[in-house]
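Raw protein.txt, compact mmCIF, C-alpha atoms and all ligand atoms:
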```txt
# COMPACT_ATOMS: atom_id res chain seq x y z
CA MET A 1 100.13 126.39 121.35
CA TYR A 2 100.67 122.96 119.79
CA GLU A 3 103.46 122.01 117.41
CA ILE A 4 101.17 119.63 115.55
CA ALA A 5 97.36 119.43 115.54
CA ILE A 6 95.80 116.40 113.86
CA VAL A 7 92.15 116.44 112.77
CA GLY A 8 90.86 112.85 112.72
CA ALA A 9 91.84 110.00 115.03
CA GLY A 10 91.14 107.17 112.58
CA PRO A 11 93.96 104.78 111.62
CA ALA A 12 95.98 107.55 109.91
CA GLY A 13 95.62 110.24 112.58
CA ALA A 14 96.01 107.93 115.59
CA THR A 15 99.13 106.39 114.03
CA LEU A 16 100.73 109.76 113.28
CA ALA A 17 100.01 111.00 116.81
CA ARG A 18 101.55 107.88 118.33
CA LEU A 19 104.66 108.14 116.16
CA LEU A 20 105.24 111.81 117.06
CA ALA A 21 104.21 111.61 120.71
CA LYS A 22 107.70 111.46 122.20
CA ASP A 23 109.16 114.53 120.53
CA TYR A 24 106.33 116.97 119.86
CA LYS A 25 103.42 118.66 121.56
CA VAL A 26 100.50 117.08 119.71
CA LEU A 27 96.75 117.71 119.70
CA LEU A 28 94.53 114.94 118.31
CA LEU A 29 90.91 115.89 117.67
CA ASP A 30 87.99 113.75 116.49
CA LYS A 31 84.23 114.11 116.35
CA ARG A 32 83.84 110.48 117.41
CA SER A 33 83.91 109.57 121.10
CA LEU A 34 86.88 107.26 120.77
CA ASP A 35 87.63 107.41 124.48
CA VAL A 36 84.49 105.48 125.48
CA THR A 37 83.30 101.99 124.58
CA TYR A 38 81.27 102.00 121.40
CA THR A 39 77.52 101.69 121.72
CA GLY A 40 75.08 101.85 118.83
CA SER A 41 74.14 105.43 119.68
CA LEU A 42 77.61 106.88 118.98
CA ILE A 43 78.91 108.06 115.58
CA ALA A 44 80.60 105.07 113.91
CA LYS A 45 82.99 104.72 110.98
CA SER A 46 81.30 102.68 108.26
CA CYS A 47 83.76 99.98 107.18
CA GLY A 48 83.96 96.35 106.07
CA GLY A 49 86.45 95.73 108.85
CA LEU A 50 88.79 93.47 106.89
CA ILE A 51 92.52 93.79 107.54
CA ALA A 52 94.28 92.87 104.30
CA PRO A 53 97.85 91.48 104.15
CA ASP A 54 99.38 94.92 103.35
CA ALA A 55 97.78 96.38 106.48
CA GLN A 56 98.88 93.33 108.51
CA LYS A 57 102.43 93.92 107.28
CA MET A 58 102.29 97.56 108.36
CA LEU A 59 101.02 96.56 111.81
CA ALA A 60 103.95 94.13 112.04
CA ARG A 61 106.41 96.82 110.88
CA MET A 62 105.12 99.15 113.57
CA GLY A 63 105.70 96.40 116.15
CA LEU A 64 102.00 95.94 116.81
CA ALA A 65 100.04 92.74 117.43
CA LEU A 66 96.26 92.73 117.33
CA PRO A 67 94.44 91.97 120.61
CA GLN A 68 91.97 89.13 120.36
CA ASP A 69 88.94 91.16 121.42
CA VAL A 70 89.25 93.32 118.27
CA LEU A 71 88.70 90.24 116.08
CA VAL A 72 85.24 88.95 115.21
CA SER A 73 83.97 85.67 113.90
CA PRO A 74 84.36 84.24 111.32
CA GLN A 75 87.95 84.50 110.13
CA ILE A 76 87.75 84.02 106.37
CA PHE A 77 90.26 82.64 103.91
CA ALA A 78 88.41 82.85 100.62
CA VAL A 79 86.71 85.38 98.38
CA ARG A 80 83.69 84.36 96.38
CA THR A 81 83.66 86.49 93.26
CA ILE A 82 80.30 86.81 91.56
CA ASP A 83 80.43 88.40 88.14
CA MET A 84 76.79 89.22 87.43
CA ASP A 85 77.69 90.87 84.11
CA ASN A 86 79.09 87.63 82.70
CA ASN A 87 77.20 85.17 84.89
CA LEU A 88 80.40 83.72 86.29
CA GLU A 89 81.47 82.73 89.76
CA LYS A 90 84.88 81.77 91.16
CA PHE A 91 86.62 81.39 94.53
CA TYR A 92 90.04 82.81 95.36
CA GLN A 93 92.24 82.27 98.40
CA ARG A 94 92.73 85.46 100.46
CA PHE A 95 94.17 86.18 103.90
CA TYR A 96 92.14 88.73 105.81
CA PHE A 97 91.55 89.38 109.49
CA ASN A 98 87.92 90.08 110.24
CA MET A 99 87.59 92.73 112.94
CA ASP A 100 85.27 95.12 114.71
CA ARG A 101 86.20 98.51 113.24
CA GLU A 102 85.05 100.60 116.22
CA LYS A 103 87.09 98.41 118.59
CA PHE A 104 90.04 98.54 116.21
CA ASP A 105 90.07 102.36 116.16
CA ARG A 106 89.72 102.50 119.95
CA TRP A 107 92.60 100.05 120.31
CA LEU A 108 94.81 102.28 118.08
CA VAL A 109 93.87 105.29 120.21
CA SER A 110 94.61 103.34 123.42
CA LEU A 111 98.22 102.85 122.27
CA MET A 112 98.93 106.56 122.54
CA PRO A 113 100.94 107.86 125.45
CA ASP A 114 99.31 110.33 127.85
CA SER A 115 101.48 113.15 126.50
CA ILE A 116 99.14 113.45 123.50
CA HIS A 117 96.25 115.81 124.13
CA CYS A 118 93.19 113.99 122.77
CA MET A 119 89.93 115.87 122.31
CA PHE A 120 87.03 113.64 121.35
CA GLY A 121 83.47 114.64 120.52
CA CYS A 122 84.98 117.73 118.80
CA GLN A 123 83.97 118.64 115.26
CA PHE A 124 86.57 120.57 113.27
CA LYS A 125 85.00 123.47 111.37
CA SER A 126 87.73 125.63 109.82
CA TYR A 127 91.15 127.16 110.28
CA GLU A 128 92.82 130.53 109.78
CA GLN A 129 96.46 131.19 109.01
CA GLY A 130 97.84 134.03 111.14
CA ALA A 131 100.41 136.62 110.04
CA ASP A 132 102.90 135.05 112.49
CA GLY A 133 102.72 131.76 110.53
CA THR A 134 100.70 129.91 113.18
CA ILE A 135 97.34 128.31 112.46
CA LYS A 136 94.16 128.85 114.47
CA LEU A 137 91.71 125.96 114.23
CA LYS A 138 88.08 126.26 115.14
CA PHE A 139 85.94 123.36 116.27
CA LEU A 140 82.65 122.62 117.97
CA LYS A 141 82.65 121.04 121.40
CA ASP A 142 79.35 120.69 123.29
CA LYS A 143 77.75 123.04 120.74
CA ALA A 144 80.22 125.84 121.58
CA VAL A 145 82.92 127.10 119.18
CA LYS A 146 86.43 126.52 120.59
CA GLU A 147 89.85 127.49 119.25
CA GLU A 148 93.40 126.14 119.48
CA ARG A 149 96.67 127.27 117.88
CA THR A 150 99.23 125.10 116.15
CA ARG A 151 102.32 125.39 113.97
CA ILE A 152 101.43 122.40 111.74
CA LEU A 153 97.91 121.22 110.91
CA VAL A 154 97.33 117.67 109.66
CA GLY A 155 94.12 116.63 107.95
CA ALA A 156 93.52 112.95 108.75
CA ASP A 157 89.78 113.44 108.50
CA GLY A 158 88.99 110.83 105.88
CA ALA A 159 87.39 110.80 102.43
CA HIS A 160 85.19 113.84 103.07
CA SER A 161 88.07 115.89 104.51
CA LEU A 162 87.17 119.46 105.50
CA VAL A 163 90.85 120.27 105.98
CA ARG A 164 91.57 119.29 102.36
CA LYS A 165 88.55 121.22 101.13
CA GLN A 166 89.73 124.41 102.81
CA ALA A 167 93.46 124.01 102.11
CA LEU A 168 93.15 123.02 98.48
CA PRO A 169 89.92 124.40 97.04
CA GLY A 170 89.32 123.42 93.44
CA GLN A 171 92.18 120.88 93.40
CA LYS A 172 91.72 117.56 91.64
CA ILE A 173 90.56 114.92 94.07
CA PRO A 174 89.96 111.22 93.45
CA ASN A 175 86.55 110.10 92.18
CA LYS A 176 84.20 110.13 95.13
CA TYR A 177 81.77 107.22 95.55
CA ILE A 178 78.83 106.99 97.92
CA SER A 179 78.96 103.82 99.92
CA PRO A 180 75.78 102.59 101.59
CA GLN A 181 76.23 99.55 103.82
CA ALA A 182 73.54 97.66 105.75
CA TRP A 183 73.78 95.11 108.57
CA PHE A 184 71.42 92.14 108.31
CA SER A 185 70.92 89.77 111.20
CA SER A 186 71.95 86.28 110.08
CA ASP A 187 72.55 82.93 111.74
CA ARG A 188 74.28 81.70 108.60
CA LEU A 189 78.03 82.33 108.82
CA LEU A 190 79.14 82.48 105.20
CA PRO A 191 82.69 81.08 105.10
CA TYR A 192 83.91 83.70 102.62
CA PHE A 193 83.89 87.37 101.70
CA THR A 194 81.79 87.93 98.57
CA ALA A 195 82.73 90.49 95.91
CA ILE A 196 80.04 91.30 93.35
CA PHE A 197 80.62 92.90 89.97
CA ASP A 198 77.49 94.21 88.29
CA ARG A 199 77.38 97.28 86.06
CA GLU A 200 73.66 97.71 86.76
CA ILE A 201 74.68 98.63 90.32
CA THR A 202 78.12 100.23 89.95
CA ASP A 203 81.28 100.42 87.85
CA TYR A 204 83.14 99.61 91.12
CA TYR A 205 82.04 96.66 93.24
CA SER A 206 79.68 95.49 95.99
CA TRP A 207 80.33 93.11 98.87
CA ILE A 208 78.91 90.77 101.49
CA ILE A 209 80.96 90.31 104.66
CA PRO A 210 79.94 87.89 107.42
CA LYS A 211 80.46 89.49 110.82
CA GLN A 212 79.49 88.11 114.20
CA GLY A 213 75.87 87.16 113.57
CA TYR A 214 75.40 89.72 110.79
CA LEU A 215 75.91 89.99 107.07
CA LEU A 216 77.26 93.36 105.95
CA VAL A 217 76.03 94.24 102.49
CA GLY A 218 77.64 97.25 100.90
CA THR A 219 78.43 98.88 97.61
CA ALA A 220 80.18 101.97 96.26
CA VAL A 221 78.21 103.89 93.65
CA GLU A 222 78.93 107.06 91.76
CA PRO A 223 76.97 110.04 93.11
CA GLY A 224 74.16 111.40 91.01
CA GLY A 225 71.97 108.35 90.53
CA ASP A 226 69.36 106.97 92.88
CA VAL A 227 71.67 105.36 95.47
CA GLY A 228 68.76 103.93 97.50
CA ALA A 229 67.24 102.24 94.43
CA LYS A 230 70.60 100.74 93.46
CA PHE A 231 71.12 99.40 96.96
CA SER A 232 67.63 97.83 96.96
CA LEU A 233 68.36 96.25 93.58
CA LEU A 234 71.64 94.86 94.93
CA CYS A 235 69.81 93.28 97.89
CA GLU A 236 67.20 91.84 95.56
CA LYS A 237 69.90 90.24 93.40
CA ILE A 238 71.71 88.85 96.45
CA ARG A 239 68.45 87.24 97.67
CA GLN A 240 68.33 85.34 94.37
CA TYR A 241 71.48 83.53 95.56
CA GLY A 242 69.51 82.12 98.50
CA ILE A 243 70.94 84.62 100.99
CA ASN A 244 68.41 85.82 103.52
CA LEU A 245 68.37 89.59 103.97
CA ASP A 246 65.05 89.93 105.77
CA LYS A 247 66.19 91.34 109.11
CA LYS A 248 67.89 94.68 108.50
CA VAL A 249 69.36 95.96 111.76
CA LYS A 250 70.98 99.19 110.62
CA LYS A 251 72.09 101.08 107.54
CA GLU A 252 75.04 103.43 107.35
CA GLY A 253 76.83 105.40 104.68
CA ALA A 254 80.18 106.97 103.90
CA PHE A 255 82.21 108.28 101.02
CA ILE A 256 84.97 106.19 99.42
CA LEU A 257 87.61 107.76 97.19
CA ARG A 258 88.94 106.03 94.11
CA PRO A 259 92.12 107.68 92.80
CA THR A 260 92.49 107.05 89.08
CA GLY A 261 95.95 108.63 88.97
CA ALA A 262 98.75 109.79 91.24
CA ASN A 263 97.94 113.42 90.29
CA GLN A 264 94.76 113.11 92.39
CA ILE A 265 96.76 112.57 95.58
CA ASN A 266 97.15 115.77 97.61
CA THR A 267 99.78 115.67 100.33
CA GLY A 268 99.10 119.25 101.44
CA MET A 269 100.32 122.82 101.12
CA SER A 270 102.36 125.23 103.25
CA LYS A 271 102.08 124.07 106.92
CA ILE A 272 99.05 121.85 106.25
CA ALA A 273 99.58 118.17 105.51
CA LEU A 274 97.08 115.50 104.50
CA ILE A 275 97.36 111.80 105.32
CA GLY A 276 95.21 108.70 104.88
CA GLU A 277 92.08 108.97 102.78
CA ALA A 278 92.01 112.76 103.27
CA ALA A 279 95.01 112.85 100.91
CA GLY A 280 93.39 110.34 98.54
CA TRP A 281 95.48 107.39 99.75
CA ILE A 282 93.36 104.28 99.17
CA SER A 283 93.50 101.33 96.79
CA PRO A 284 91.59 102.20 93.61
CA SER A 285 90.99 98.50 92.89
CA SER A 286 89.83 97.06 96.23
CA ALA A 287 89.04 100.14 98.40
CA GLU A 288 91.51 98.77 100.96
CA GLY A 289 92.49 101.87 102.91
CA LEU A 290 94.06 100.77 106.21
CA SER A 291 97.54 100.04 104.86
CA TYR A 292 97.58 103.42 103.07
CA ALA A 293 96.52 105.18 106.26
CA PHE A 294 99.37 103.54 108.22
CA LYS A 295 101.96 104.10 105.48
CA SER A 296 101.15 107.75 104.84
CA ALA A 297 101.16 108.46 108.61
CA SER A 298 104.58 106.86 108.99
CA TYR A 299 105.98 108.78 105.97
CA LEU A 300 104.73 112.09 107.39
CA ALA A 301 106.08 111.31 110.87
CA ARG A 302 109.49 110.60 109.34
CA ALA A 303 109.32 113.75 107.21
CA ILE A 304 108.49 116.00 110.18
CA ARG A 305 111.39 114.50 112.14
CA GLN A 306 113.84 114.79 109.26
CA ASN A 307 112.98 118.24 108.02
CA GLN A 308 110.50 120.31 109.96
CA GLY A 309 111.24 123.35 107.75
CA ASP A 310 110.11 121.74 104.51
CA PHE A 311 108.45 118.60 105.80
CA LEU A 312 105.88 118.56 102.98
CA ASP A 313 108.55 118.22 100.32
CA THR A 314 110.17 115.36 102.28
CA TYR A 315 106.75 113.73 102.84
CA SER A 316 105.99 113.93 99.14
CA LYS A 317 109.36 112.33 98.28
CA LEU A 318 109.01 109.58 100.91
CA SER A 319 105.53 108.70 99.66
CA ALA A 320 106.65 108.24 96.03
CA PRO A 321 106.43 104.40 96.34
CA LEU A 322 102.81 104.74 97.48
CA LYS A 323 102.03 106.86 94.43
CA ARG A 324 103.65 104.21 92.22
CA ASN A 325 101.52 101.60 93.96
CA ILE A 326 98.37 103.55 93.05
CA ILE A 327 99.53 103.84 89.43
CA LEU A 328 100.17 100.07 89.32
CA LYS A 329 96.75 99.27 90.83
CA ASN A 330 95.15 101.42 88.14
CA ILE A 331 97.05 99.52 85.45
CA LYS A 332 95.72 96.23 86.88
CA SER A 333 92.18 97.55 87.41
CA PRO A 334 90.78 96.81 83.92
CA PHE A 335 91.31 93.08 84.57
CA MET A 336 88.80 93.43 87.40
CA TYR A 337 86.52 96.17 86.13
CA ASN A 338 86.38 95.74 82.35
CA ARG A 339 83.70 93.09 81.90
CA HIS A 340 85.37 91.54 78.82
CA LEU A 341 88.83 91.30 80.41
CA ARG A 342 87.30 90.04 83.65
CA LYS A 343 85.39 87.34 81.75
CA TRP A 344 88.64 86.23 80.17
CA VAL A 345 90.55 86.19 83.49
CA MET A 346 87.79 84.36 85.38
CA SER A 347 87.12 81.86 82.61
CA ALA A 348 90.84 81.08 82.40
CA GLY A 349 90.65 80.13 86.09
CA ILE A 350 93.81 82.10 86.93
CA GLN A 351 94.57 81.60 90.67
CA THR A 352 91.09 80.27 91.39
CA MET A 353 90.44 77.56 93.97
CA ASP A 354 87.82 74.83 94.26
CA ILE A 355 85.55 74.85 97.27
CA ASP A 356 84.20 71.49 98.43
CA PRO A 357 80.42 72.02 98.59
CA SER A 358 80.04 69.27 101.24
C1 LIG A 401 81.90 101.12 103.60
C2 LIG A 401 83.40 101.07 103.66
C3 LIG A 401 84.04 99.85 103.82
C4 LIG A 401 85.45 99.81 103.88
N1 LIG A 401 86.04 98.59 104.14
C5 LIG A 401 87.38 98.53 104.29
C6 LIG A 401 88.01 97.31 104.67
O1 LIG A 401 87.34 96.30 104.91
N2 LIG A 401 89.36 97.29 104.77
C7 LIG A 401 90.13 98.41 104.53
O2 LIG A 401 91.37 98.32 104.60
N3 LIG A 401 89.55 99.58 104.18
C8 LIG A 401 88.20 99.69 104.08
N4 LIG A 401 87.61 100.89 103.77
C9 LIG A 401 88.46 102.07 103.62
C10 LIG A 401 88.95 102.52 105.00
O3 LIG A 401 87.88 102.53 105.92
C11 LIG A 401 89.55 103.93 104.94
O4 LIG A 401 90.37 104.08 103.81
C12 LIG A 401 90.37 104.19 106.20
O5 LIG A 401 89.52 104.16 107.32
C13 LIG A 401 91.06 105.52 106.08
O6 LIG A 401 91.63 105.85 107.31
P1 LIG A 401 91.80 107.39 107.71
O7 LIG A 401 92.36 107.40 109.08
O8 LIG A 401 92.49 108.09 106.62
O9 LIG A 401 90.33 107.97 107.70
P2 LIG A 401 89.04 107.54 108.55
O10 LIG A 401 89.16 106.15 109.03
O11 LIG A 401 87.87 107.91 107.73
O12 LIG A 401 89.13 108.47 109.83
C14 LIG A 401 88.84 109.83 109.74
C15 LIG A 401 88.55 110.31 111.14
O13 LIG A 401 88.31 111.72 111.07
C16 LIG A 401 87.19 112.03 111.85
N5 LIG A 401 86.61 113.25 111.29
C17 LIG A 401 86.14 113.43 110.03
N6 LIG A 401 85.71 114.70 109.87
C18 LIG A 401 85.93 115.33 111.05
C19 LIG A 401 85.69 116.65 111.53
N7 LIG A 401 85.16 117.60 110.74
N8 LIG A 401 86.01 116.94 112.81
C20 LIG A 401 86.56 115.99 113.62
N9 LIG A 401 86.80 114.74 113.22
C21 LIG A 401 86.50 114.41 111.96
C22 LIG A 401 86.28 110.82 111.74
O14 LIG A 401 85.40 110.73 112.84
C23 LIG A 401 87.29 109.68 111.73
O15 LIG A 401 87.58 109.20 113.00
C24 LIG A 401 86.22 100.98 103.72
C25 LIG A 401 85.57 102.20 103.54
C26 LIG A 401 84.18 102.27 103.54
C27 LIG A 401 83.50 103.60 103.40
```

As structure tokens - that is how I would like this structure written.
Amino acid sequence: MYEIAIVGAGPAGATLARLLAKDYKVLLLDKRSLDVTYTGSLIAKSCGGLIAPDAQKMLARMGLALPQDVLVSPQIFAVRTIDMDNNLEKFYQRFYFNMDREKFDRWLVSLMPDSIHCMFGCQFKSYEQGADGTIKLKFLKDKAVKEERTRILVGADGAHSLVRKQALPGQKIPNKYISPQAWFSSDRLLPYFTAIFDREITDYYSWIIPKQGYLLVGTAVEPGGDVGAKFSLLCEKIRQYGINLDKKVKKEGAFILRPTGANQINTGMSKIALIGEAAGWISPSSAEGLSYAFKSASYLARAIRQNQGDFLDTYSKLSAPLKRNIILKNIKSPFMYNRHLRKWVMSAGIQTMDIDPS
């Protein structure tokens, strides 16, 4: 019997496990094989792999410094913003770390003490709440159904969380976008991250990220339309900017949540807590999710330590600043996503920078 079982060993789950390791008997379960070096044949987390300043600050607060082998070339200090709706283009200074997401997640897992019981290659299926208040979780390992018991269950299983689906059926969740992303072989290292706004593709945004001999092209589109056709159109439009996308190496996909209000955040119910994107914690304006994963994990760890009886209430109170942050980002969003306001902001040149073409 575990005191805490965490489904999902991404940034949220791995962080929570590490923070609780000393004082609790913890099970950490993930369908990915995070205990072995990543090769192309394993399940991967689709991600842009940019660590934004808020996530850097959280790493610093947790006393963590990034090992060099997690970083990938190039390190980029500017965002090229292409507004295809208004035919405008501007550069902005930004401070990201460009990293290899699979290595990053493995590094987070490697920080955990041996006292944590990690089970990788295990796919969570469902749970049952027993009359004695304990929770039985069922998962697939090597095609066989296995079971474990726990007092607290934590869903850290990302945007498409099965734990959330079962714990809170019919609850409001953030808008769910489908995010196709393709890797194109490229010997041209673009010295910036490109953000593209084009309503023909999406009401959110698309991106190009240079990464170690590849260009990652991705977008987040609302479900329902022809996602493949929109992605092809995006690539066609990018080619018109002289960017070569001939050699596609792989294509991946994932869901991205976009909370339009704090009432779409679900922190859990009874003895089941949700953290990271499973709870809806992600920036609704930039889709930056790493800082939210770290913050929500640290709030829940503190809540469990402070008040194991009613830890969910404490977690909800501790995460109030994060809810306010999501409200604020939604207030600012129209300046990025309303084409008229964006035209005004970009034309005014607010916080833009000049890039020397030579
Ligand atoms: C295309 C794309 C690009 C992005 N780019 C960035 C970026 O550059 N910077 C940034 O800050 N954020 C980015 N994000 C958002 C960021 O990736 C997420 O918000 C962040 O990873 C959330 O962390 P998490 O730990 O909550 O969930 P996840 O990282 O999604 O981890 C969930 C874990 O749960 C596991 N899991 C899921 N279901 C099950 C199951 N049934 N059984 C067992 N295990 C399960 C998964 O394998 C995974 O390891 C991007 C998202 C997408 C989709």

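Candidate residues A:Ala301, A:Val109, A:Leu274, A:Leu234 were compared for distance to Gln166 (chain A), and the nearest is A:Leu274, using only C-alpha atoms.
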
Can you list, as a list of chain:residue names, every protein, DNA or RNA residue that comes within 9 Å of Arg106 (chain A) when you count all atoms listed in the file, leaving out same-chain residues fewer than 6 positions away?
A:Gly10, A:Leu34, A:Asp35, A:Val36, A:Thr37, A:Tyr38

List all protein, DNA and RNA residues that have any atom at most 7 Å from ligand LIG 401 (chain A), counting all atoms listed in the file, and write the list as JSON, numbers by chain.
{"A": [7, 8, 9, 10, 11, 12, 13, 29, 30, 31, 32, 45, 46, 47, 48, 49, 50, 51, 52, 55, 122, 123, 124, 125, 156, 157, 158, 159, 160, 161, 162, 179, 180, 181, 218, 253, 254, 255, 256, 275, 276, 277, 278, 282, 287, 288, 289, 290, 291, 293]}

Which polymer residues, protein or nucleic acid, are no farther than 6 Å from (103.1, 121.2, 117.6), counting only C-alpha atoms, as a ChimeraX atom specification?
/A:2-4,24-26,150-151

I need every residue sitting at most 8 Å from the point (94.5, 87.5, 100.7) (coordinates as in the file, only C-alpha atoms considered), written as a list in words.
Ala52, Pro53, Phe77, Ala78, Gln93, Arg94, Phe95 and Tyr96 of chain A
